[in-house]
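Here is the structure we will look at.
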Amino acid sequence: MTRKNKDMAPIGDGCQLFPPWGAPDQWREANAALNHLMAIHDKKLNSAIEAARAIGDRLKWLFPLLDTLCDETCPHCPDPCCLSAKIWVDFKDLLFLHLAGHPVPQVQLIADTGSRCTCISHRGCTLPRLSRPWVCTWYLCPAQTARLRRRPASNQTLFRDTVLSIKSLRNRMEQDFIQAVR
Ligand code: SF4
Ligand code: SF4
């Protein structure tokens, strides 16, 4: 086993490739690199920023429905998903936060695949909804999926179409960003 930096995950037997930027110095470096790229290519980022803002708008369309589903299920949950979920901020998540100007978590959400999300508290998630990884928004557990199926068709359509739209916008945001900074 080798470890070149005290903040870096060990490399060797049991090497963990995920999550990206799991060590604090790697997280700081990734965020600094994005800030630098955005500063030197700011004139070419309009399209990526527009996509990021459109993602934020669509996320807000979902939140009232998600809050309702959560209120109906989470307070009585026998096995809260966030306690065992292996969730991290991926590149598109981080790009969205930077481009749309939303708060960035202080550290990657898990340091390694054996860790618990740093944002879980006894009152639920401490991150604002807009700052959570995309998977934390689109994932509905079985109890919530069943509740959604019992709601009006308009709610189901809203959820399905908005999730598809956000997925597409995230791809566009990433492509536009890469095109702008290459
Ligand atoms: S989303 Fe589902 S599994 Fe997760 S805490 Fe709420 S009820 Fe439990
Ligand atoms: S970021 Fe929040 S919602 Fe997502 S796994 Fe962590 S505690 Fe749960």
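Letters for chains follow the order of the structure tokens (A, B, ...), residue numbers begin at 1 for each chain, and ligand numbers begin at 1 in the order shown.
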
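The residue set within 6 Å of segment 69-74 of chain A, counting only C-alpha atoms and dropping same-chain residues fewer than 3 places from it, reads Leu66, Cys77 and Gln144 of chain A.
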
Can I get the selected residues back with N, CA, C and O atoms, as a tab-separated table (two decimals), in the first residue's frame?
```tsv
chain	number	residue	atom	x	y	z
A	66	LEU	N	-41.75	16.43	-4.52
A	66	LEU	CA	-40.82	15.61	-3.74
A	66	LEU	C	-40.97	15.88	-2.25
A	66	LEU	O	-40.88	14.95	-1.43
A	77	CYS	N	-39.93	6.14	8.19
A	77	CYS	CA	-39.14	5.13	7.48
A	77	CYS	C	-38.34	4.25	8.44
A	77	CYS	O	-37.61	4.77	9.30
A	144	GLN	N	-42.05	5.69	-1.97
A	144	GLN	CA	-42.40	6.94	-2.65
A	144	GLN	C	-42.92	6.67	-4.07
A	144	GLN	O	-43.83	7.36	-4.54
```

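Scanning segment 60-128 of chain A with DSSP on the backbone, the strand (DSSP E or B) assignments fall on Ile120, Ser121, Gly124 and Cys125 of chain A.
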
For this session: List the neighbours of Ala85 of chain A out to 8 Å using only C-alpha atoms; skip same-chain residues closer than 4 positions along the sequence, and give me the result as a count of residues only.
Result: 3

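Shortest atom-to-atom contact with ligand 2 among A:Ala33, A:Leu83, A:Ala23, A:Ile49: A:Leu83, counting only C-alpha atoms and all ligand atoms.
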
Problem set entry | Test item: residues at most 7 Å from Met173 of chain A, only C-alpha atoms, excluding those fewer than 5 positions along its chain, as number ranges by chain | A: 48, 51-52

For this session: Please identify every polymer residue within 10 Å of ligand 2, using only C-alpha atoms and all ligand atoms, and present the set as a PyMOL selection string.
Result: chain A and resi 80-89+105+108-110+116-129+131-137+139

Write the residues of the preceding selection, restricted to N, CA and C atoms, as a tab-separated table (two decimals), in the first residue's frame.
```tsv
chain	number	residue	atom	x	y	z
A	80	PRO	N	-33.86	4.42	6.66
A	80	PRO	CA	-33.61	5.60	5.81
A	80	PRO	C	-32.49	5.36	4.79
A	81	CYS	N	-32.80	5.66	3.53
A	81	CYS	CA	-31.88	5.33	2.45
A	81	CYS	C	-30.55	6.09	2.56
A	82	CYS	N	-30.58	7.31	3.09
A	82	CYS	CA	-29.35	8.11	3.13
A	82	CYS	C	-28.30	7.51	4.07
A	83	LEU	N	-28.73	6.64	4.98
A	83	LEU	CA	-27.77	6.05	5.91
A	83	LEU	C	-26.86	5.03	5.23
A	84	SER	N	-27.37	4.41	4.17
A	84	SER	CA	-26.58	3.38	3.50
A	84	SER	C	-26.21	3.76	2.06
A	85	ALA	N	-26.75	4.87	1.56
A	85	ALA	CA	-26.49	5.25	0.16
A	85	ALA	C	-25.02	5.61	-0.03
A	86	LYS	N	-24.48	5.20	-1.15
A	86	LYS	CA	-23.11	5.60	-1.52
A	86	LYS	C	-23.25	6.65	-2.61
A	87	ILE	N	-23.36	7.87	-2.19
A	87	ILE	CA	-23.67	8.98	-3.09
A	87	ILE	C	-22.50	9.96	-3.07
A	88	TRP	N	-22.13	10.44	-4.26
A	88	TRP	CA	-21.10	11.48	-4.31
A	88	TRP	C	-21.51	12.51	-5.36
A	89	VAL	N	-20.85	13.66	-5.28
A	89	VAL	CA	-21.04	14.71	-6.27
A	89	VAL	C	-20.25	14.31	-7.51
A	105	PRO	N	-20.87	21.90	-1.63
A	105	PRO	CA	-20.54	21.27	-0.33
A	105	PRO	C	-19.07	21.49	0.03
A	108	GLN	N	-16.35	16.43	-0.58
A	108	GLN	CA	-17.09	15.38	-1.29
A	108	GLN	C	-17.96	14.66	-0.26
A	109	LEU	N	-19.13	14.16	-0.67
A	109	LEU	CA	-20.10	13.69	0.32
A	109	LEU	C	-19.68	12.40	1.03
A	110	ILE	N	-18.95	11.56	0.34
A	110	ILE	CA	-18.33	10.43	1.03
A	110	ILE	C	-16.84	10.45	0.71
A	116	ARG	N	-20.29	7.07	5.24
A	116	ARG	CA	-21.68	7.52	5.20
A	116	ARG	C	-21.69	8.97	4.73
A	117	CYS	N	-22.73	9.36	4.00
A	117	CYS	CA	-22.84	10.73	3.49
A	117	CYS	C	-22.66	11.74	4.62
A	118	THR	N	-21.82	12.74	4.38
A	118	THR	CA	-21.54	13.73	5.43
A	118	THR	C	-22.74	14.65	5.68
A	119	CYS	N	-23.72	14.62	4.80
A	119	CYS	CA	-24.84	15.57	4.92
A	119	CYS	C	-26.05	15.02	5.64
A	120	ILE	N	-25.97	13.78	6.08
A	120	ILE	CA	-27.11	13.21	6.79
A	120	ILE	C	-27.11	13.71	8.23
A	121	SER	N	-28.29	14.09	8.71
A	121	SER	CA	-28.43	14.50	10.10
A	121	SER	C	-29.69	13.83	10.66
A	122	HIS	N	-29.92	14.00	11.93
A	122	HIS	CA	-31.12	13.37	12.51
A	122	HIS	C	-32.39	14.01	11.98
A	123	ARG	N	-32.26	15.16	11.31
A	123	ARG	CA	-33.44	15.80	10.70
A	123	ARG	C	-33.42	15.67	9.18
A	124	GLY	N	-32.63	14.75	8.67
A	124	GLY	CA	-32.58	14.56	7.21
A	124	GLY	C	-31.35	15.19	6.61
A	125	CYS	N	-31.47	15.55	5.33
A	125	CYS	CA	-30.32	16.09	4.60
A	125	CYS	C	-30.09	17.55	4.96
A	126	THR	N	-28.83	17.89	5.20
A	126	THR	CA	-28.50	19.28	5.56
A	126	THR	C	-28.22	20.14	4.34
A	127	LEU	N	-28.12	19.54	3.15
A	127	LEU	CA	-27.85	20.33	1.95
A	127	LEU	C	-29.14	20.93	1.41
A	128	PRO	N	-29.08	22.18	0.89
A	128	PRO	CA	-30.24	22.69	0.16
A	128	PRO	C	-30.54	21.76	-1.01
A	129	ARG	N	-31.79	21.63	-1.37
A	129	ARG	CA	-32.14	20.69	-2.45
A	129	ARG	C	-31.35	20.96	-3.72
A	131	SER	N	-28.44	21.94	-4.11
A	131	SER	CA	-27.02	21.57	-4.02
A	131	SER	C	-26.81	20.06	-3.91
A	132	ARG	N	-27.88	19.30	-3.86
A	132	ARG	CA	-27.72	17.85	-3.71
A	132	ARG	C	-27.36	17.20	-5.05
A	133	PRO	N	-26.66	16.09	-5.01
A	133	PRO	CA	-26.42	15.35	-6.26
A	133	PRO	C	-27.73	15.03	-6.96
A	134	TRP	N	-27.71	14.98	-8.26
A	134	TRP	CA	-28.91	14.74	-9.06
A	134	TRP	C	-29.59	13.43	-8.66
A	135	VAL	N	-28.79	12.42	-8.34
A	135	VAL	CA	-29.40	11.13	-7.97
A	135	VAL	C	-30.27	11.27	-6.73
A	136	CYS	N	-29.94	12.19	-5.84
A	136	CYS	CA	-30.75	12.37	-4.62
A	136	CYS	C	-32.11	12.97	-4.96
A	137	THR	N	-32.23	13.59	-6.13
A	137	THR	CA	-33.52	14.15	-6.54
A	137	THR	C	-34.34	13.12	-7.31
A	139	TYR	N	-34.05	9.84	-7.53
A	139	TYR	CA	-34.31	8.52	-6.93
A	139	TYR	C	-35.55	8.57	-6.05
```

Problem set entry | Long-range neighbours of Lys44 of chain A as a PyMOL selection string, 10 Å cut-off, only C-alpha atoms, 2 positions minimum in chain | chain A and resi 38+40-42+46-49+176-177+179-181

Taking a cut-off of 7 Å and counting only C-alpha atoms, can you build a table that, for each residue of segment 41-140 of chain A near segment 154-169 of chain A, reports the nearest atom pair and how far apart they are in Å (one decimal), sorted by chain then residue number, as a tab-separated table?
```
residue	atom	partner	partner_atom	distance
A:Ala51	CA	A:Leu169	CA	5.8
A:Ile55	CA	A:Ile166	CA	5.6
A:Arg58	CA	A:Thr162	CA	6.4
A:Leu62	CA	A:Phe159	CA	6.6
A:Trp138	CA	A:Val163	CA	6.7
```

Restricting the output to N, CA and C atoms, write the selected residues as a PDB file, in the first residue's frame.
```pdb
ATOM      1  N   ALA A  51     -27.884  26.417 -19.813  1.00  0.00           N
ATOM      2  CA  ALA A  51     -28.356  25.053 -19.521  1.00  0.00           C
ATOM      3  C   ALA A  51     -28.415  24.811 -18.022  1.00  0.00           C
ATOM      4  N   ILE A  55     -31.673  23.881 -15.762  1.00  0.00           N
ATOM      5  CA  ILE A  55     -31.724  22.729 -14.844  1.00  0.00           C
ATOM      6  C   ILE A  55     -32.269  23.174 -13.491  1.00  0.00           C
ATOM      7  N   ARG A  58     -36.000  23.691 -13.586  1.00  0.00           N
ATOM      8  CA  ARG A  58     -36.752  22.429 -13.628  1.00  0.00           C
ATOM      9  C   ARG A  58     -36.681  21.676 -12.301  1.00  0.00           C
ATOM     10  N   LEU A  62     -39.876  20.282  -9.506  1.00  0.00           N
ATOM     11  CA  LEU A  62     -40.054  18.981  -8.852  1.00  0.00           C
ATOM     12  C   LEU A  62     -40.172  19.072  -7.328  1.00  0.00           C
ATOM     13  N   TRP A 138     -33.719  12.466  -8.301  1.00  0.00           N
ATOM     14  CA  TRP A 138     -34.542  11.601  -9.141  1.00  0.00           C
ATOM     15  C   TRP A 138     -34.854  10.248  -8.510  1.00  0.00           C
TER      16      TRP A 138
END
```

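Between ligand 1 and the residues A:Gln26, A:Ser115, A:Gln106, A:Thr145, the shortest atom-to-atom distance, using only C-alpha atoms and all ligand atoms, involves A:Thr145.
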
For this session: Would you mind listing what lies within 9 Å of Glu174 of chain A as an MDAnalysis selection string, with only C-alpha atoms counted and same-chain residues fewer than 6 positions away left out?
Result: chainID A and resid 48 91:92 95:96

Take the selection from the previous step and output its residues with all heavy atoms, as a PDB file, in the first residue's frame.
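And here is the file that came out, out18.pdb:
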```
ATOM      1  N   ALA A  48     -23.511  27.031 -21.715  1.00  0.00           N
ATOM      2  CA  ALA A  48     -23.462  26.087 -20.579  1.00  0.00           C
ATOM      3  C   ALA A  48     -24.170  26.683 -19.357  1.00  0.00           C
ATOM      4  O   ALA A  48     -24.873  25.976 -18.632  1.00  0.00           O
ATOM      5  CB  ALA A  48     -22.007  25.762 -20.244  1.00  0.00           C
ATOM      6  N   PHE A  91     -19.216  14.836 -11.820  1.00  0.00           N
ATOM      7  CA  PHE A  91     -18.743  16.007 -12.556  1.00  0.00           C
ATOM      8  C   PHE A  91     -19.891  16.937 -12.957  1.00  0.00           C
ATOM      9  O   PHE A  91     -19.807  18.154 -12.814  1.00  0.00           O
ATOM     10  CB  PHE A  91     -17.952  15.572 -13.798  1.00  0.00           C
ATOM     11  CG  PHE A  91     -17.437  16.739 -14.591  1.00  0.00           C
ATOM     12  CD1 PHE A  91     -16.457  17.573 -14.078  1.00  0.00           C
ATOM     13  CD2 PHE A  91     -17.969  17.024 -15.840  1.00  0.00           C
ATOM     14  CE1 PHE A  91     -15.995  18.677 -14.794  1.00  0.00           C
ATOM     15  CE2 PHE A  91     -17.506  18.122 -16.568  1.00  0.00           C
ATOM     16  CZ  PHE A  91     -16.519  18.947 -16.046  1.00  0.00           C
ATOM     17  N   LYS A  92     -20.984  16.353 -13.461  1.00  0.00           N
ATOM     18  CA  LYS A  92     -22.108  17.198 -13.885  1.00  0.00           C
ATOM     19  C   LYS A  92     -22.733  17.921 -12.679  1.00  0.00           C
ATOM     20  O   LYS A  92     -23.153  19.066 -12.796  1.00  0.00           O
ATOM     21  CB  LYS A  92     -23.166  16.364 -14.610  1.00  0.00           C
ATOM     22  CG  LYS A  92     -22.714  15.893 -15.979  1.00  0.00           C
ATOM     23  CD  LYS A  92     -23.755  14.962 -16.593  1.00  0.00           C
ATOM     24  CE  LYS A  92     -23.183  14.233 -17.779  1.00  0.00           C
ATOM     25  NZ  LYS A  92     -24.005  13.145 -18.249  1.00  0.00           N
ATOM     26  N   LEU A  95     -20.368  20.751 -11.882  1.00  0.00           N
ATOM     27  CA  LEU A  95     -20.452  21.759 -12.940  1.00  0.00           C
ATOM     28  C   LEU A  95     -21.718  22.594 -12.771  1.00  0.00           C
ATOM     29  O   LEU A  95     -21.687  23.826 -12.885  1.00  0.00           O
ATOM     30  CB  LEU A  95     -20.455  21.032 -14.285  1.00  0.00           C
ATOM     31  CG  LEU A  95     -20.149  21.818 -15.546  1.00  0.00           C
ATOM     32  CD1 LEU A  95     -18.878  22.632 -15.413  1.00  0.00           C
ATOM     33  CD2 LEU A  95     -20.080  20.854 -16.726  1.00  0.00           C
ATOM     34  N   PHE A  96     -22.826  21.930 -12.520  1.00  0.00           N
ATOM     35  CA  PHE A  96     -24.091  22.633 -12.322  1.00  0.00           C
ATOM     36  C   PHE A  96     -23.969  23.641 -11.174  1.00  0.00           C
ATOM     37  O   PHE A  96     -24.382  24.801 -11.302  1.00  0.00           O
ATOM     38  CB  PHE A  96     -25.214  21.620 -12.032  1.00  0.00           C
ATOM     39  CG  PHE A  96     -26.451  22.233 -11.455  1.00  0.00           C
ATOM     40  CD1 PHE A  96     -27.236  23.097 -12.207  1.00  0.00           C
ATOM     41  CD2 PHE A  96     -26.828  21.968 -10.143  1.00  0.00           C
ATOM     42  CE1 PHE A  96     -28.378  23.687 -11.659  1.00  0.00           C
ATOM     43  CE2 PHE A  96     -27.963  22.551  -9.596  1.00  0.00           C
ATOM     44  CZ  PHE A  96     -28.735  23.411 -10.355  1.00  0.00           C
TER      45      PHE A  96
END
```

Seminar exercise, completed: Judged by only C-alpha atoms and all ligand atoms, the minimum distance to ligand 1 among A:Gly22, A:Gly56, A:Pro78, A:Pro152 is found for A:Pro78

Exercise. Which residues in segment 74-147 of chain A does DSSP call helix (DSSP H, G or I)? List them as an MDAnalysis selection string.
Worked result: chainID A and resid 74:76 81:83 91:100 129:131 134:138 142:147

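The interatomic distance for the pair atom 2 (Fe, counted along the ligand's line) of ligand 1 and atom CA of Leu94 of chain A works out to 24.7 Å.
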
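By chain and then residue number, the residues within 10 Å of Pro24 of chain A are Asp7, Met8, Trp21, Trp27, Arg28, Glu29, Ala30, Gln106, Val107, Gln108 and Ala111 of chain A, counting only C-alpha atoms and disregarding those fewer than 3 positions away in sequence.
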
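Distances from A:Leu148, A:Ile178, A:Leu130, A:Cys141 to ligand 1 were compared using only C-alpha atoms and all ligand atoms, and the smallest one belongs to A:Cys141.
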
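Each of A:Gln175, A:Asn31, A:Pro19, A:Phe63 was compared to Pro103 of chain A using only C-alpha atoms, and A:Asn31 turns out to be the nearest.
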